[in-house]
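Enquirer: Got a structure here, written out as structure tokens. Questions coming.
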Amino acid sequence: MEKILFDKAHSVAFTGHRFISMDKQNELKQSLQAAIIEHYKRGIHNCICGMALGFDMMVADMVLSLKARLPYIHLTAVVPFRNQSEKWSDKQKAKYNYLLSHADRIIILSEQYYKGCLLRRNDYMVNNSCGVIAYYNGEHKGGTFYTYMKAMSLNIPIVNIIDT
């Protein structure tokens, strides 16, 4: 596993669902922006993102859009395996590649896919952060549930913006 390139005390991880209904996206973006800015004001400038479809891509896009207003904000992209976007649509790949090319750091945890690598990515993000910003609907399955519960088990503060 790659050496940590950032300070855990100044890093926040993100977790959220892949599907976000169109009617919720604008409200979610506003809540996400407010949560990022609030963390930034407290000195938490490094945003750790798993670069999955849905919420993760929204996070990466939001962090990049805030760079003009928040000069010390950083996007750390934690990629579970090198060809994560291989089976995605051309449009999704283009967005992913754009976001990666503008990230401040890219950490690739594995050269190839293996069963459980997405959860290892989630572990890495939680273990290297002092907080989690989540978009979690309470469903007891999937990677977001896993990451939410992992953060809870480690007593890492969680802000769930699904409720804001």
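Residues are referred to by chain and number: the chain letter is A, B, ... according to the order shown in the structure tokens, the number counts from 1 in that chain, and ligands are numbered separately from 1 in the order shown.
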Please extract the residues of chain A with a backbone DSSP assignment of helix (DSSP H, G or I) and present them as a PyMOL selection string.

Expert: chain A and resi 8-10+22-41+55-66+90-102+117-127+142-153+161-163

Enquirer: Excluding A:Ala9 and its own-chain neighbours fewer than 2 positions away, which residues fall within 10 Å of it when counting only C-alpha atoms? Please give them as a VMD selection string.

Expert: chain A and resid 6 to 7 11 to 12 43 to 46 128 to 131

Enquirer: I'd like the contact shell of stretch 17-24 of chain A - 8 Å cut-off, only C-alpha atoms, skipping same-chain residues fewer than 5 positions apart - returned as number ranges by chain.

Expert: A: 52-56, 135-136, 144

Enquirer: Write out, as a PDB file, in the first residue's frame, the residues just selected, with all heavy atoms.

Expert:
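Writing the result to out-v4.pdb gives the following:
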```
ATOM      1  N   ALA A  52     -15.585   6.995  -7.339  1.00  0.00           N
ATOM      2  CA  ALA A  52     -16.618   6.142  -7.924  1.00  0.00           C
ATOM      3  C   ALA A  52     -17.658   7.021  -8.618  1.00  0.00           C
ATOM      4  O   ALA A  52     -17.680   8.244  -8.454  1.00  0.00           O
ATOM      5  CB  ALA A  52     -17.285   5.289  -6.838  1.00  0.00           C
ATOM      6  N   LEU A  53     -18.520   6.399  -9.376  1.00  0.00           N
ATOM      7  CA  LEU A  53     -19.620   7.126 -10.012  1.00  0.00           C
ATOM      8  C   LEU A  53     -20.564   7.668  -8.947  1.00  0.00           C
ATOM      9  O   LEU A  53     -20.596   7.186  -7.822  1.00  0.00           O
ATOM     10  CB  LEU A  53     -20.384   6.196 -10.965  1.00  0.00           C
ATOM     11  CG  LEU A  53     -19.608   5.722 -12.184  1.00  0.00           C
ATOM     12  CD1 LEU A  53     -20.399   4.647 -12.924  1.00  0.00           C
ATOM     13  CD2 LEU A  53     -19.282   6.884 -13.106  1.00  0.00           C
ATOM     14  N   GLY A  54     -21.334   8.664  -9.292  1.00  0.00           N
ATOM     15  CA  GLY A  54     -22.338   9.211  -8.385  1.00  0.00           C
ATOM     16  C   GLY A  54     -21.767  10.250  -7.446  1.00  0.00           C
ATOM     17  O   GLY A  54     -21.130  11.215  -7.872  1.00  0.00           O
ATOM     18  N   PHE A  55     -21.977  10.045  -6.156  1.00  0.00           N
ATOM     19  CA  PHE A  55     -21.591  11.025  -5.147  1.00  0.00           C
ATOM     20  C   PHE A  55     -20.103  11.355  -5.193  1.00  0.00           C
ATOM     21  O   PHE A  55     -19.719  12.525  -5.099  1.00  0.00           O
ATOM     22  CB  PHE A  55     -21.986  10.526  -3.753  1.00  0.00           C
ATOM     23  CG  PHE A  55     -21.700  11.511  -2.656  1.00  0.00           C
ATOM     24  CD1 PHE A  55     -22.429  12.691  -2.540  1.00  0.00           C
ATOM     25  CD2 PHE A  55     -20.691  11.274  -1.732  1.00  0.00           C
ATOM     26  CE1 PHE A  55     -22.167  13.603  -1.532  1.00  0.00           C
ATOM     27  CE2 PHE A  55     -20.418  12.180  -0.715  1.00  0.00           C
ATOM     28  CZ  PHE A  55     -21.161  13.348  -0.613  1.00  0.00           C
ATOM     29  N   ASP A  56     -19.248  10.353  -5.347  1.00  0.00           N
ATOM     30  CA  ASP A  56     -17.801  10.600  -5.371  1.00  0.00           C
ATOM     31  C   ASP A  56     -17.419  11.578  -6.481  1.00  0.00           C
ATOM     32  O   ASP A  56     -16.630  12.503  -6.259  1.00  0.00           O
ATOM     33  CB  ASP A  56     -17.015   9.305  -5.564  1.00  0.00           C
ATOM     34  CG  ASP A  56     -16.966   8.436  -4.329  1.00  0.00           C
ATOM     35  OD1 ASP A  56     -17.613   8.769  -3.314  1.00  0.00           O
ATOM     36  OD2 ASP A  56     -16.279   7.394  -4.381  1.00  0.00           O
ATOM     37  N   TYR A 135     -23.214  10.857   2.168  1.00  0.00           N
ATOM     38  CA  TYR A 135     -24.547  10.927   1.579  1.00  0.00           C
ATOM     39  C   TYR A 135     -25.089   9.512   1.711  1.00  0.00           C
ATOM     40  O   TYR A 135     -24.944   8.679   0.831  1.00  0.00           O
ATOM     41  CB  TYR A 135     -24.477  11.381   0.115  1.00  0.00           C
ATOM     42  CG  TYR A 135     -25.813  11.376  -0.585  1.00  0.00           C
ATOM     43  CD1 TYR A 135     -26.825  12.253  -0.198  1.00  0.00           C
ATOM     44  CD2 TYR A 135     -26.075  10.492  -1.623  1.00  0.00           C
ATOM     45  CE1 TYR A 135     -28.052  12.243  -0.834  1.00  0.00           C
ATOM     46  CE2 TYR A 135     -27.299  10.488  -2.268  1.00  0.00           C
ATOM     47  CZ  TYR A 135     -28.288  11.360  -1.864  1.00  0.00           C
ATOM     48  OH  TYR A 135     -29.506  11.338  -2.492  1.00  0.00           O
ATOM     49  N   TYR A 136     -25.655   9.225   2.889  1.00  0.00           N
ATOM     50  CA  TYR A 136     -26.046   7.867   3.267  1.00  0.00           C
ATOM     51  C   TYR A 136     -27.527   7.818   3.613  1.00  0.00           C
ATOM     52  O   TYR A 136     -27.988   8.521   4.512  1.00  0.00           O
ATOM     53  CB  TYR A 136     -25.198   7.386   4.441  1.00  0.00           C
ATOM     54  CG  TYR A 136     -25.612   6.056   4.994  1.00  0.00           C
ATOM     55  CD1 TYR A 136     -25.708   4.942   4.177  1.00  0.00           C
ATOM     56  CD2 TYR A 136     -25.918   5.913   6.338  1.00  0.00           C
ATOM     57  CE1 TYR A 136     -26.097   3.721   4.684  1.00  0.00           C
ATOM     58  CE2 TYR A 136     -26.298   4.688   6.853  1.00  0.00           C
ATOM     59  CZ  TYR A 136     -26.388   3.598   6.024  1.00  0.00           C
ATOM     60  OH  TYR A 136     -26.789   2.390   6.522  1.00  0.00           O
ATOM     61  N   THR A 144     -21.310   2.310   0.851  1.00  0.00           N
ATOM     62  CA  THR A 144     -21.566   3.486   1.679  1.00  0.00           C
ATOM     63  C   THR A 144     -21.901   3.054   3.104  1.00  0.00           C
ATOM     64  O   THR A 144     -21.390   3.628   4.068  1.00  0.00           O
ATOM     65  CB  THR A 144     -22.681   4.354   1.068  1.00  0.00           C
ATOM     66  OG1 THR A 144     -22.281   4.739  -0.250  1.00  0.00           O
ATOM     67  CG2 THR A 144     -22.958   5.588   1.903  1.00  0.00           C
TER      68      THR A 144
END
```

Enquirer: Per residue of stretch 11-70 of chain A within 8 Å of stretch 111-127 of chain A, record the nearest atom pair and its distance in Å to one decimal, counting only C-alpha atoms, with rows in chain order and ascending residue number, as a tab-separated table.

Expert:
```
residue	atom	partner	partner_atom	distance
A:Ala13	CA	A:Met125	CA	5.7
A:Phe14	CA	A:Met125	CA	8.0
A:Ile48	CA	A:Met125	CA	6.4
A:Cys49	CA	A:Met125	CA	7.6
A:Gly50	CA	A:Arg121	CA	6.9
```

Enquirer: Store the residues of this selection in a file with N, CA, C and O atoms, as a PDB file, in the first residue's frame.

Expert:
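Final output, out_23.pdb:
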```pdb
ATOM      1  N   ALA A  13     -12.787  12.405   4.585  1.00  0.00           N
ATOM      2  CA  ALA A  13     -13.145  11.423   3.560  1.00  0.00           C
ATOM      3  C   ALA A  13     -14.617  11.595   3.198  1.00  0.00           C
ATOM      4  O   ALA A  13     -15.411  12.129   3.977  1.00  0.00           O
ATOM      5  N   PHE A  14     -14.966  11.094   2.026  1.00  0.00           N
ATOM      6  CA  PHE A  14     -16.336  11.195   1.539  1.00  0.00           C
ATOM      7  C   PHE A  14     -16.846   9.804   1.171  1.00  0.00           C
ATOM      8  O   PHE A  14     -16.092   8.981   0.647  1.00  0.00           O
ATOM      9  N   ILE A  48     -10.566  13.668   0.618  1.00  0.00           N
ATOM     10  CA  ILE A  48     -10.203  12.347   0.134  1.00  0.00           C
ATOM     11  C   ILE A  48     -11.426  11.729  -0.536  1.00  0.00           C
ATOM     12  O   ILE A  48     -12.449  11.502   0.100  1.00  0.00           O
ATOM     13  N   CYS A  49     -11.294  11.438  -1.815  1.00  0.00           N
ATOM     14  CA  CYS A  49     -12.415  10.979  -2.630  1.00  0.00           C
ATOM     15  C   CYS A  49     -12.074   9.655  -3.309  1.00  0.00           C
ATOM     16  O   CYS A  49     -10.995   9.508  -3.879  1.00  0.00           O
ATOM     17  N   GLY A  50     -13.011   8.700  -3.286  1.00  0.00           N
ATOM     18  CA  GLY A  50     -12.796   7.377  -3.869  1.00  0.00           C
ATOM     19  C   GLY A  50     -13.049   7.275  -5.358  1.00  0.00           C
ATOM     20  O   GLY A  50     -12.843   6.217  -5.952  1.00  0.00           O
TER      21      GLY A  50
END
```

Enquirer: Quick one: everything within 9 Å of A:Lys29, counting only C-alpha atoms, minus sequence neighbours fewer than 3 positions away in the same chain. Send it as a PDB file with all heavy atoms, in the first residue's frame.

Expert:
```pdb
ATOM      1  N   LYS A  24     -32.936  15.629  -6.646  1.00  0.00           N
ATOM      2  CA  LYS A  24     -32.201  15.863  -5.401  1.00  0.00           C
ATOM      3  C   LYS A  24     -30.817  16.482  -5.635  1.00  0.00           C
ATOM      4  O   LYS A  24     -30.175  16.930  -4.696  1.00  0.00           O
ATOM      5  CB  LYS A  24     -32.007  14.534  -4.656  1.00  0.00           C
ATOM      6  CG  LYS A  24     -33.275  13.837  -4.278  1.00  0.00           C
ATOM      7  CD  LYS A  24     -33.611  14.127  -2.877  1.00  0.00           C
ATOM      8  CE  LYS A  24     -34.834  13.309  -2.482  1.00  0.00           C
ATOM      9  NZ  LYS A  24     -35.513  13.872  -1.376  1.00  0.00           N
ATOM     10  N   GLN A  25     -30.351  16.513  -6.875  1.00  0.00           N
ATOM     11  CA  GLN A  25     -28.962  16.893  -7.139  1.00  0.00           C
ATOM     12  C   GLN A  25     -28.625  18.331  -6.744  1.00  0.00           C
ATOM     13  O   GLN A  25     -27.583  18.571  -6.136  1.00  0.00           O
ATOM     14  CB  GLN A  25     -28.597  16.614  -8.596  1.00  0.00           C
ATOM     15  CG  GLN A  25     -28.459  15.131  -8.836  1.00  0.00           C
ATOM     16  CD  GLN A  25     -27.860  14.808 -10.179  1.00  0.00           C
ATOM     17  OE1 GLN A  25     -27.292  15.646 -10.857  1.00  0.00           O
ATOM     18  NE2 GLN A  25     -27.987  13.550 -10.569  1.00  0.00           N
ATOM     19  N   ASN A  26     -29.456  19.289  -7.072  1.00  0.00           N
ATOM     20  CA  ASN A  26     -29.144  20.689  -6.738  1.00  0.00           C
ATOM     21  C   ASN A  26     -29.097  20.904  -5.232  1.00  0.00           C
ATOM     22  O   ASN A  26     -28.185  21.553  -4.723  1.00  0.00           O
ATOM     23  CB  ASN A  26     -30.141  21.655  -7.386  1.00  0.00           C
ATOM     24  CG  ASN A  26     -29.891  21.799  -8.871  1.00  0.00           C
ATOM     25  OD1 ASN A  26     -28.784  21.586  -9.350  1.00  0.00           O
ATOM     26  ND2 ASN A  26     -30.926  22.155  -9.607  1.00  0.00           N
ATOM     27  N   LEU A  32     -23.510  19.727   0.127  1.00  0.00           N
ATOM     28  CA  LEU A  32     -22.128  19.285   0.007  1.00  0.00           C
ATOM     29  C   LEU A  32     -21.181  20.474   0.084  1.00  0.00           C
ATOM     30  O   LEU A  32     -20.192  20.458   0.826  1.00  0.00           O
ATOM     31  CB  LEU A  32     -21.944  18.524  -1.306  1.00  0.00           C
ATOM     32  CG  LEU A  32     -20.519  18.082  -1.643  1.00  0.00           C
ATOM     33  CD1 LEU A  32     -19.975  17.135  -0.578  1.00  0.00           C
ATOM     34  CD2 LEU A  32     -20.500  17.416  -3.027  1.00  0.00           C
ATOM     35  N   GLN A  33     -21.478  21.517  -0.662  1.00  0.00           N
ATOM     36  CA  GLN A  33     -20.641  22.716  -0.647  1.00  0.00           C
ATOM     37  C   GLN A  33     -20.557  23.296   0.761  1.00  0.00           C
ATOM     38  O   GLN A  33     -19.468  23.630   1.233  1.00  0.00           O
ATOM     39  CB  GLN A  33     -21.184  23.759  -1.612  1.00  0.00           C
ATOM     40  CG  GLN A  33     -20.356  25.032  -1.643  1.00  0.00           C
ATOM     41  CD  GLN A  33     -20.835  26.016  -2.686  1.00  0.00           C
ATOM     42  OE1 GLN A  33     -21.205  25.631  -3.780  1.00  0.00           O
ATOM     43  NE2 GLN A  33     -20.830  27.290  -2.353  1.00  0.00           N
ATOM     44  N   ALA A  34     -21.684  23.396   1.440  1.00  0.00           N
ATOM     45  CA  ALA A  34     -21.705  23.947   2.797  1.00  0.00           C
ATOM     46  C   ALA A  34     -20.862  23.087   3.743  1.00  0.00           C
ATOM     47  O   ALA A  34     -20.106  23.628   4.572  1.00  0.00           O
ATOM     48  CB  ALA A  34     -23.142  24.045   3.299  1.00  0.00           C
ATOM     49  N   MET A  58     -19.330  13.750  -7.851  1.00  0.00           N
ATOM     50  CA  MET A  58     -19.888  15.050  -7.480  1.00  0.00           C
ATOM     51  C   MET A  58     -18.956  15.751  -6.499  1.00  0.00           C
ATOM     52  O   MET A  58     -18.715  16.961  -6.604  1.00  0.00           O
ATOM     53  CB  MET A  58     -21.280  14.884  -6.858  1.00  0.00           C
ATOM     54  CG  MET A  58     -21.948  16.187  -6.474  1.00  0.00           C
ATOM     55  SD  MET A  58     -23.537  15.965  -5.634  1.00  0.00           S
ATOM     56  CE  MET A  58     -24.574  15.504  -7.031  1.00  0.00           C
ATOM     57  N   VAL A  59     -18.420  15.005  -5.539  1.00  0.00           N
ATOM     58  CA  VAL A  59     -17.486  15.563  -4.560  1.00  0.00           C
ATOM     59  C   VAL A  59     -16.251  16.113  -5.264  1.00  0.00           C
ATOM     60  O   VAL A  59     -15.847  17.252  -5.032  1.00  0.00           O
ATOM     61  CB  VAL A  59     -17.077  14.492  -3.519  1.00  0.00           C
ATOM     62  CG1 VAL A  59     -15.872  14.946  -2.704  1.00  0.00           C
ATOM     63  CG2 VAL A  59     -18.249  14.144  -2.613  1.00  0.00           C
ATOM     64  N   MET A  62     -17.008  19.241  -7.065  1.00  0.00           N
ATOM     65  CA  MET A  62     -17.256  20.346  -6.140  1.00  0.00           C
ATOM     66  C   MET A  62     -15.945  20.876  -5.557  1.00  0.00           C
ATOM     67  O   MET A  62     -15.744  22.095  -5.490  1.00  0.00           O
ATOM     68  CB  MET A  62     -18.182  19.894  -4.999  1.00  0.00           C
ATOM     69  CG  MET A  62     -18.489  20.975  -3.980  1.00  0.00           C
ATOM     70  SD  MET A  62     -19.401  22.383  -4.649  1.00  0.00           S
ATOM     71  CE  MET A  62     -20.974  21.612  -4.999  1.00  0.00           C
TER      72      MET A  62
END
```

Enquirer: Between A:Ile37, A:Met57, A:Ile156, A:Ile161, which residue has the minimum interatomic distance to A:Lys93, considering only C-alpha atoms?

Expert: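 Under the stated criterion, the closest residue is A:Met57.
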
Enquirer: What are the DSSP strand (DSSP E) residues of stretch 4-160 of chain A, as a PyMOL selection string?

Expert: chain A and resi 11-16+46-49+74-79+105-108+131-135+158-160

Enquirer: To one decimal in Å, tell me the separation between atom CA of A:Arg69 and atom CA of A:Val132.

Expert: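 Interatomic distance, atom CA of A:Arg69 to atom CA of A:Val132: 21.8 Å.
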